[in-house]
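> You'll find run30.txt just under this line, and it carries compact mmCIF, C-alpha atoms.
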```txt
# COMPACT_ATOMS: atom_id res chain seq x y z
CA MET A 600 335.44 72.67 93.67
CA PRO A 601 332.80 69.93 93.18
CA TRP A 602 334.37 68.48 90.02
CA GLY A 603 337.18 65.99 89.74
CA LEU A 604 339.07 63.96 87.12
CA GLY A 605 339.60 60.31 87.96
CA VAL A 606 339.02 56.70 86.96
CA VAL A 607 336.36 54.05 87.43
CA ASP A 608 337.77 50.54 87.62
CA GLY A 609 335.51 47.50 87.56
CA SER A 610 338.26 44.89 87.35
CA SER A 611 339.01 44.71 91.07
CA ALA A 612 337.93 41.67 93.10
CA ASP A 613 336.64 44.14 95.69
CA GLY A 614 334.09 45.57 93.25
CA TRP A 615 333.95 48.92 91.56
CA GLN A 616 336.71 51.33 92.52
CA PHE A 617 336.41 55.11 92.16
CA ARG A 618 339.47 57.32 92.40
CA ILE A 619 339.81 61.07 91.88
CA VAL A 620 343.27 62.17 90.77
CA GLN A 621 342.82 65.92 90.58
CA ARG A 622 340.18 68.57 91.11
CA LEU A 623 338.68 70.51 88.20
CA SER A 624 337.27 74.01 88.05
CA ASP A 625 333.93 74.87 86.46
CA ALA A 626 335.84 76.50 83.61
CA GLU A 627 337.87 73.34 82.95
CA VAL A 628 334.74 71.21 82.85
CA ALA A 629 333.02 73.71 80.55
CA ARG A 630 336.02 73.57 78.18
CA TYR A 631 335.91 69.77 78.22
CA ASN A 632 332.18 69.80 77.39
CA GLU A 633 332.85 72.16 74.50
CA ALA A 634 335.49 69.80 73.10
CA ILE A 635 333.27 66.73 73.44
CA GLY A 636 330.42 68.57 71.77
CA VAL A 637 332.58 69.08 68.68
CA LEU A 638 333.76 65.47 68.63
CA LEU A 639 330.31 63.96 69.05
CA ARG A 640 329.03 65.68 65.93
CA PHE A 641 330.46 62.69 64.06
CA ASN A 642 329.65 60.01 66.60
CA PRO A 643 327.76 57.39 64.51
CA GLU A 644 325.23 56.98 67.33
CA ARG A 645 324.39 60.70 67.29
CA HIS A 646 325.19 61.94 63.80
CA PRO A 647 322.12 62.01 61.51
CA PHE A 648 323.98 59.87 58.95
CA GLY A 649 323.98 57.06 61.52
CA LEU A 650 320.23 56.68 60.95
CA VAL A 651 320.80 56.56 57.18
CA GLN A 652 323.29 53.72 57.62
CA LEU A 653 321.03 51.89 60.07
CA SER A 654 317.96 52.10 57.83
CA TYR A 655 320.03 50.95 54.84
CA GLU A 656 321.28 47.94 56.79
CA GLN A 657 317.74 47.15 57.95
CA TYR A 658 316.49 47.27 54.35
CA ARG A 659 319.22 44.86 53.29
CA GLU A 660 318.50 42.56 56.24
CA LYS A 661 314.80 42.49 55.33
CA VAL A 662 315.60 41.60 51.71
CA ASP A 663 317.98 38.86 52.86
CA GLU A 664 315.38 37.57 55.33
CA PHE A 665 312.77 37.07 52.63
CA ALA A 666 315.32 35.76 50.14
CA ALA A 667 316.24 33.04 52.63
CA ALA A 668 312.57 32.31 53.34
CA PHE A 669 311.76 31.93 49.64
CA ALA A 670 314.85 29.77 49.09
CA SER A 671 313.99 27.38 51.95
CA GLY A 672 310.34 26.92 50.94
CA PRO A 673 307.82 25.63 50.28
CA PRO A 674 305.87 26.86 52.07
CA ARG A 675 306.98 30.35 51.07
CA PRO A 676 305.98 33.74 52.49
CA SER A 677 303.23 35.78 50.90
CA PRO A 678 304.81 37.87 48.10
CA ALA A 679 302.45 40.74 48.98
CA LEU A 680 303.61 40.69 52.61
CA ALA A 681 307.27 40.50 51.56
CA LEU A 682 306.90 43.42 49.16
CA PHE A 683 305.05 45.49 51.78
CA GLU A 684 307.69 44.99 54.49
CA ILE A 685 310.61 45.57 52.12
CA THR A 686 309.03 48.71 50.68
CA ALA A 687 308.38 50.02 54.21
CA LYS A 688 312.10 49.71 54.96
CA LEU A 689 312.96 51.49 51.72
CA VAL A 690 310.61 54.39 52.53
CA GLU A 691 312.23 54.66 55.97
CA TRP A 692 315.67 54.89 54.35
CA LEU A 693 314.43 57.54 51.91
CA SER A 694 313.14 59.64 54.81
CA CYS A 695 316.36 59.25 56.82
CA SER A 696 318.44 60.25 53.79
CA ARG A 697 316.53 63.46 53.15
CA ARG A 698 316.42 64.24 56.89
CA PHE A 699 320.21 63.88 56.98
CA LEU A 700 320.62 66.42 54.17
CA ALA A 701 318.17 68.84 55.81
CA GLN A 702 319.89 68.59 59.19
CA VAL A 703 323.33 69.16 57.66
CA GLU A 704 322.02 72.24 55.85
CA THR A 705 320.51 73.67 59.05
CA ASP A 706 323.63 72.90 61.10
CA LEU A 707 326.12 74.41 58.64
CA LYS A 708 324.04 77.52 58.07
CA GLN A 709 323.56 78.07 61.80
CA ARG A 710 327.21 77.52 62.69
CA TYR A 711 328.90 79.18 59.72
CA GLY A 712 326.27 81.32 57.98
CA ARG A 713 324.14 81.05 54.86
CA ARG A 714 326.89 82.55 52.69
CA SER A 715 329.75 80.67 54.34
CA THR A 716 332.42 78.72 52.49
CA GLU A 717 331.53 75.63 54.53
CA TRP A 718 327.89 75.59 53.43
CA GLY A 719 328.84 76.56 49.89
CA ASN A 720 331.30 73.66 49.61
CA PHE A 721 328.78 71.12 50.90
CA GLU A 722 326.01 72.41 48.64
CA ALA A 723 328.37 72.26 45.64
CA ALA A 724 329.23 68.64 46.53
CA ARG A 725 325.52 67.80 46.84
CA GLN A 726 324.78 69.35 43.45
CA ARG A 727 327.64 67.39 41.88
CA GLU A 728 326.20 64.13 43.15
CA TYR A 729 322.71 65.07 41.96
CA ALA A 730 323.99 65.99 38.50
CA GLY A 731 326.44 63.09 38.21
CA SER A 732 324.48 60.14 39.61
CA ALA A 733 321.13 59.16 38.10
CA SER A 734 320.60 56.72 40.97
CA TYR A 735 321.15 59.39 43.61
CA ARG A 736 318.70 61.85 42.04
CA PHE A 737 316.18 59.05 41.42
CA MET A 738 316.22 58.09 45.10
CA TYR A 739 316.13 61.76 46.10
CA LYS A 740 312.94 62.34 44.11
CA LEU A 741 311.50 58.94 45.05
CA ARG A 742 311.19 60.26 48.60
CA ASP A 743 309.00 63.10 47.26
CA TYR A 744 306.95 60.51 45.38
CA SER A 745 306.41 58.39 48.50
CA ASP A 746 305.37 61.48 50.49
CA HIS A 747 302.75 62.56 47.96
CA CYS A 748 301.67 59.28 46.35
CA GLY A 749 302.40 56.59 48.90
CA PRO A 750 304.69 53.57 48.54
CA PRO A 751 305.75 52.86 44.94
CA LEU A 752 304.02 50.05 43.09
CA GLY A 753 306.43 47.14 42.84
CA LYS A 754 306.95 43.45 42.31
CA LEU A 755 309.31 40.71 43.45
CA ASN A 756 311.34 38.30 41.38
CA PHE A 757 312.76 35.12 42.88
CA THR A 758 314.74 32.60 40.84
CA GLN A 759 317.19 29.82 41.58
CA GLN A 760 320.11 29.32 39.26
CA TYR A 761 323.27 27.23 39.26
CA ASP A 762 326.80 28.56 39.32
CA ASP A 763 329.80 27.20 37.39
CA HIS A 764 330.29 24.53 40.05
CA GLY A 765 326.71 23.28 39.90
CA GLN A 766 325.74 24.89 43.20
CA PRO A 767 322.29 26.50 43.52
CA VAL A 768 322.27 30.29 43.74
CA SER A 769 319.16 32.23 44.78
CA VAL A 770 318.38 35.55 43.10
CA PHE A 771 315.87 37.80 44.90
CA GLN A 772 315.05 41.16 43.31
CA VAL A 773 312.71 44.07 44.04
CA PHE A 774 311.35 46.13 41.14
CA PHE A 775 309.30 49.32 40.80
CA ASN A 776 306.96 49.98 37.89
CA ARG A 777 308.33 52.85 35.79
CA ASP A 778 305.04 53.71 34.11
CA SER A 779 303.23 53.88 37.45
CA LEU A 780 305.88 56.23 38.82
CA LEU A 781 305.47 58.56 35.83
CA GLN A 782 301.67 58.48 35.81
CA LYS A 783 301.15 59.20 39.51
CA PHE A 784 303.74 61.96 40.00
CA ASN A 785 304.58 64.99 37.82
CA ARG A 786 307.44 66.51 39.81
CA TRP A 787 310.32 64.32 38.70
CA ASP A 788 312.13 67.25 37.01
CA ILE A 789 315.26 65.95 35.24
CA VAL A 790 314.67 62.46 36.70
CA GLU A 791 311.76 62.03 34.27
CA LYS A 792 314.25 61.80 31.41
CA ASP A 793 316.15 59.07 33.30
CA LEU A 794 312.97 57.12 33.97
CA ARG A 795 311.90 57.17 30.34
CA GLN A 796 315.26 55.68 29.34
CA TRP A 797 315.04 52.84 31.88
CA PRO A 798 313.19 49.54 31.49
CA GLU A 799 309.54 49.16 32.49
CA PHE A 800 310.50 47.46 35.74
CA ILE A 801 313.34 49.18 37.60
CA GLU A 802 315.39 47.08 40.01
CA VAL A 803 315.67 48.98 43.27
CA GLY A 804 318.78 47.46 44.91
CA PRO A 805 321.48 48.72 42.50
CA HIS A 806 320.07 52.27 42.54
CA MET A 807 319.94 52.25 46.33
CA ASP A 808 323.55 51.03 46.56
CA ARG A 809 324.79 53.74 44.20
CA ALA A 810 322.80 56.41 46.06
CA MET A 811 324.44 55.29 49.31
CA ARG A 812 327.84 55.76 47.71
CA SER A 813 326.83 59.33 46.84
CA LEU A 814 325.77 59.93 50.44
CA ASP A 815 329.08 58.46 51.62
CA THR A 816 330.83 61.01 49.39
CA LEU A 817 328.88 63.83 51.06
CA VAL A 818 329.77 62.55 54.52
CA LEU A 819 333.43 62.48 53.48
CA GLU A 820 333.07 66.12 52.40
CA LEU A 821 331.75 66.92 55.88
CA ALA A 822 334.58 64.99 57.52
CA LYS A 823 337.19 66.92 55.55
CA MET A 824 335.52 70.17 56.55
CA GLU A 825 335.31 69.29 60.24
CA ALA A 826 338.62 67.40 60.50
CA PRO A 827 340.86 70.28 61.70
CA ALA A 828 338.48 71.24 64.52
CA MET A 829 337.82 67.63 65.49
CA ILE A 830 341.51 66.76 65.62
CA ALA A 831 342.27 69.86 67.69
CA GLU A 832 339.54 68.97 70.20
CA ALA A 833 340.62 65.31 70.34
CA GLU A 834 344.16 66.46 71.14
CA PHE A 835 342.76 68.69 73.88
CA VAL A 836 340.86 65.77 75.46
CA GLU A 837 343.99 63.62 75.20
CA ARG A 838 345.89 66.25 77.19
CA PHE A 839 342.94 66.70 79.55
CA VAL A 840 342.97 63.02 80.64
CA ALA A 841 346.78 62.71 80.66
CA PRO A 842 346.93 62.68 84.51
CA VAL A 843 344.91 59.42 84.56
CA ALA A 844 346.09 57.92 81.27
CA LYS A 845 348.21 55.25 82.95
CA SER A 846 345.79 54.48 85.78
CA PRO A 847 343.73 51.26 85.68
CA GLY A 848 340.13 51.89 84.70
CA GLU A 849 338.32 54.33 82.46
CA PRO A 850 338.65 58.13 82.70
CA HIS A 851 335.63 59.86 84.21
CA ILE A 852 334.67 63.29 85.44
CA PHE A 853 333.31 63.09 88.99
CA TYR A 854 330.93 65.36 90.82
CA GLU A 855 330.78 66.03 94.58
CA GLU A 856 330.39 63.18 97.04
CA LEU A 857 331.63 60.39 94.76
CA SER A 858 335.08 61.16 96.13
CA SER A 859 333.95 59.61 99.41
CA HIS A 860 331.99 56.73 97.86
CA GLN A 861 332.16 53.42 99.72
CA PRO A 862 332.14 50.15 97.72
CA ALA A 863 329.01 48.85 99.47
CA GLN A 864 326.96 51.94 98.67
CA PRO A 865 324.97 52.42 95.44
CA VAL A 866 326.44 54.89 92.95
CA PRO A 867 324.26 57.93 92.13
CA PRO A 868 323.78 57.52 88.36
CA MET A 869 324.14 61.19 87.40
CA ARG A 870 327.25 61.89 89.44
CA LEU A 871 329.90 60.85 86.96
CA ILE A 872 330.58 61.42 83.26
CA ARG A 873 332.48 58.86 81.22
CA VAL A 874 335.12 60.25 78.84
CA PRO A 875 334.53 58.54 75.43
CA MET A 876 338.18 57.75 74.78
CA GLU A 877 337.38 55.22 72.03
CA PHE A 878 335.93 58.04 69.94
CA VAL A 879 338.81 60.37 70.79
CA GLU A 880 341.27 57.69 69.68
CA HIS A 881 339.29 57.14 66.47
CA VAL A 882 339.66 60.84 65.59
CA LEU A 883 343.36 60.77 66.42
CA ARG A 884 343.82 57.81 64.06
CA PHE A 885 342.15 59.93 61.40
CA ARG A 886 344.83 62.55 62.09
CA GLU A 887 347.51 59.94 61.42
CA ASP A 888 345.78 58.80 58.24
CA ARG A 889 345.73 62.37 56.93
CA ALA A 890 349.43 62.79 57.74
CA SER A 891 350.49 59.60 55.92
```
Rewrite the structure from the file as structure tokens, please.

Amino acid sequence: MPWGLGVVDGSSADGWQFRIVQRLSDAEVARYNEAIGVLLRFNPERHPFGLVQLSYEQYREKVDEFAAAFASGPPRPSPALALFEITAKLVEWLSCSRRFLAQVETDLKQRYGRRSTEWGNFEAARQREYAGSASYRFMYKLRDYSDHCGPPLGKLNFTQQYDDHGQPVSVFQVFFNRDSLLQKFNRWDIVEKDLRQWPEFIEVGPHMDRAMRSLDTLVLELAKMEAPAMIAEAEFVERFVAPVAKSPGEPHIFYEELSSHQPAQPVPPMRLIRVPMEFVEHVLRFREDRAS
């Protein structure tokens, strides 16, 4: 059998140490890969919501960057340049958010079926957020606007105020023009009523924050749905690596000649697979949270 379960230890003074504890069959490795595939659906680095979070953070960082630049001036950045770069980050977040929803729909329908309880529950949760949060549905339709009409017309507002202790406080805001949004786009549906009730200049940040909370709610719905399968697979991986759990180093699956590797020789990069125990442990903590 070419496969083996073992550890890779980089803490030794003699360099990297590779040790196989037991051999694995093709079937055992296939079962392990199946379990990891289930777990990695919610790995932040792979899950489509990870891009939503990243683009949201990048938008906030860009706003903070220009807020600091305006506060430290003069000279101050060009307002047109600041608005362009901030709006570009917003449009990226809008695209990532809608892509997340589309990918979840495709995944659930493919895995469970178009008439499945799983897809029905997620779609019901999505409709609740759309009906219950004006900010969420505004941002949802704003993505359609940006696709058909380009970046929204906006403006910046920068002021410096003083708090109760006499310390200066900078206020940096991004606004979109309500009338421009209504004139350029006629597919707002029920969002048109919201827009007509809002002021002429709509501050973007609070709506974006509330829309993110709605998306967080949808991710929680997914987590509840997937939790039983994820916990079961995490428990399988925990049992799978039990033979090396107390060995120094990180659990790995080895392939072929690594069992005879010598410290002075280079390691073939595709000959070992690291077991992501930090993610397994994260899921198992979720199991404990649900039990408490």
> From the options A:Pro750, A:Gly672, A:Pro601, A:Gly719, which residue's atoms come nearest to Met824 of chain A, counting all atoms listed in the file?
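Ranked by minimum distance to Met824 of chain A, first place goes to A:Gly719.
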> As an exercise, work out the distance from atom CA of Glu728 of chain A to atom CA of Thr816 of chain A in Å and give it to one decimal place.
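Answer for the atom CA of Glu728 of chain A to atom CA of Thr816 of chain A separation: 8.4 Å.
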> Report as lines of an AutoDock Vina configuration file the centre and the edge lengths, in Å to one decimal, of the axis-aligned box holding every listed atom of segment 677-686 of chain A, padded by 4 Å on each side.

```
center_x = 306.5
center_y = 42.2
center_z = 51.3
size_x = 16.2
size_y = 20.9
size_z = 14.4
```
> Can you measure atom CA of Trp718 of chain A to atom CA of Gln702 of chain A for me? One decimal in Å is fine.
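Those two atoms sit 12.1 Å apart.
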> Just give me the gap between atom CA of Ser610 of chain A and atom CA of Ala634 of chain A in Å, one decimal is fine.
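Calculated distance between atom CA of Ser610 of chain A and atom CA of Ala634 of chain A is 28.8 Å.
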> Using all atoms listed in the file, pick whichever of A:Pro647, A:Arg630, A:Val803, A:Val790 has the shortest atom-to-atom distance to Thr686 of chain A.
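Selected residue with least distance to Thr686 of chain A: A:Val803.
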> Give me, as CSV, the closest atom pair and its distance (Å, one decimal) for every residue of segment 610-676 of chain A within a cut-off of 10 Å of segment 768-785 of chain A, counting all atoms listed in the file, rows sorted by chain and rising number.

```
residue,atom,partner,partner_atom,distance
A:Val662,CA,A:Phe771,CA,7.8
A:Asp663,CA,A:Phe771,CA,8.3
A:Phe665,CA,A:Phe771,CA,8.4
A:Ala666,CA,A:Phe771,CA,5.6
A:Ala667,CA,A:Ser769,CA,8.4
A:Phe669,CA,A:Phe771,CA,8.6
A:Ala670,CA,A:Ser769,CA,6.6
```
> Hey, what's within 6 Å of His851 of chain A if we count all atoms listed in the file and toss same-chain stuff fewer than 3 positions away? As a PDB file with C-alpha atoms, in the frame of the given file, please?

```pdb
ATOM      1  CA  GLY A 605     339.600  60.310  87.960  1.00  0.00           C
ATOM      2  CA  VAL A 606     339.020  56.700  86.960  1.00  0.00           C
ATOM      3  CA  ILE A 872     330.580  61.420  83.260  1.00  0.00           C
ATOM      4  CA  ARG A 873     332.480  58.860  81.220  1.00  0.00           C
ATOM      5  CA  VAL A 874     335.120  60.250  78.840  1.00  0.00           C
TER       6      VAL A 874
END
```
> Which protein, DNA or RNA residues are at most 12 Å from (335.0, 73.3, 78.2) in the file's coordinates when you count only C-alpha atoms, listed as a VMD selection string?
chain A and resid 623 to 637 832 835 to 836 839
> Kindly indicate which residue among A:Arg870, A:Arg618, A:Arg640, A:Arg714 lies nearest to Ala828 of chain A, using only C-alpha atoms for the distances.
A:Arg640
> Which residues, written as a ChimeraX atom specification, have at least one atom at most 10 Å from Arg809 of chain A, with all atoms listed in the file counted and residues fewer than 6 positions away on the same chain left out?
/A:732-735,738,815
> Mind listing as a ChimeraX atom specification all residues within 10 Å of (307.3, 36.8, 42.3), counting all atoms listed in the file?
/A:669,677-679,681-682,754-758,771-773
> Any chance you could model N, CA and C atoms for segment 765-782 of chain A and send them as an mmCIF file, in the coordinates of the input?

```
data_model
loop_
_atom_site.group_PDB
_atom_site.id
_atom_site.type_symbol
_atom_site.label_atom_id
_atom_site.label_comp_id
_atom_site.auth_asym_id
_atom_site.auth_seq_id
_atom_site.Cartn_x
_atom_site.Cartn_y
_atom_site.Cartn_z
ATOM 1 N N GLY A 765 327.933 24.062 39.720
ATOM 2 C CA GLY A 765 326.710 23.280 39.900
ATOM 3 C C GLY A 765 326.002 23.527 41.208
ATOM 4 N N GLN A 766 326.382 24.583 41.929
ATOM 5 C CA GLN A 766 325.740 24.890 43.200
ATOM 6 C C GLN A 766 324.570 25.854 42.990
ATOM 7 N N PRO A 767 323.442 25.613 43.698
ATOM 8 C CA PRO A 767 322.290 26.500 43.520
ATOM 9 C C PRO A 767 322.561 27.900 44.072
ATOM 10 N N VAL A 768 322.121 28.898 43.346
ATOM 11 C CA VAL A 768 322.270 30.290 43.740
ATOM 12 C C VAL A 768 320.893 30.954 43.657
ATOM 13 N N SER A 769 320.461 31.562 44.743
ATOM 14 C CA SER A 769 319.160 32.230 44.780
ATOM 15 C C SER A 769 319.310 33.689 44.372
ATOM 16 N N VAL A 770 318.404 34.148 43.531
ATOM 17 C CA VAL A 770 318.380 35.550 43.100
ATOM 18 C C VAL A 770 317.038 36.144 43.521
ATOM 19 N N PHE A 771 317.081 37.166 44.372
ATOM 20 C CA PHE A 771 315.870 37.800 44.900
ATOM 21 C C PHE A 771 315.948 39.284 44.572
ATOM 22 N N GLN A 772 315.000 39.775 43.785
ATOM 23 C CA GLN A 772 315.050 41.160 43.310
ATOM 24 C C GLN A 772 313.739 41.882 43.607
ATOM 25 N N VAL A 773 313.861 43.194 43.827
ATOM 26 C CA VAL A 773 312.710 44.070 44.040
ATOM 27 C C VAL A 773 312.676 45.076 42.900
ATOM 28 N N PHE A 774 311.500 45.225 42.277
ATOM 29 C CA PHE A 774 311.350 46.130 41.140
ATOM 30 C C PHE A 774 310.234 47.135 41.407
ATOM 31 N N PHE A 775 310.371 48.337 40.821
ATOM 32 C CA PHE A 775 309.300 49.320 40.800
ATOM 33 C C PHE A 775 308.836 49.512 39.362
ATOM 34 N N ASN A 776 307.549 49.807 39.209
ATOM 35 C CA ASN A 776 306.960 49.980 37.890
ATOM 36 C C ASN A 776 307.200 51.401 37.395
ATOM 37 N N ARG A 777 307.979 51.531 36.332
ATOM 38 C CA ARG A 777 308.330 52.850 35.790
ATOM 39 C C ARG A 777 307.107 53.639 35.361
ATOM 40 N N ASP A 778 306.200 52.996 34.642
ATOM 41 C CA ASP A 778 305.040 53.710 34.110
ATOM 42 C C ASP A 778 304.145 54.218 35.236
ATOM 43 N N SER A 779 304.015 53.440 36.298
ATOM 44 C CA SER A 779 303.230 53.880 37.450
ATOM 45 C C SER A 779 303.865 55.091 38.114
ATOM 46 N N LEU A 780 305.180 55.091 38.229
ATOM 47 C CA LEU A 780 305.880 56.230 38.820
ATOM 48 C C LEU A 780 305.624 57.498 38.021
ATOM 49 N N LEU A 781 305.656 57.390 36.681
ATOM 50 C CA LEU A 781 305.470 58.560 35.830
ATOM 51 C C LEU A 781 304.019 59.040 35.817
ATOM 52 N N GLN A 782 303.081 58.109 35.882
ATOM 53 C CA GLN A 782 301.670 58.480 35.810
ATOM 54 C C GLN A 782 301.183 59.153 37.086
#
```
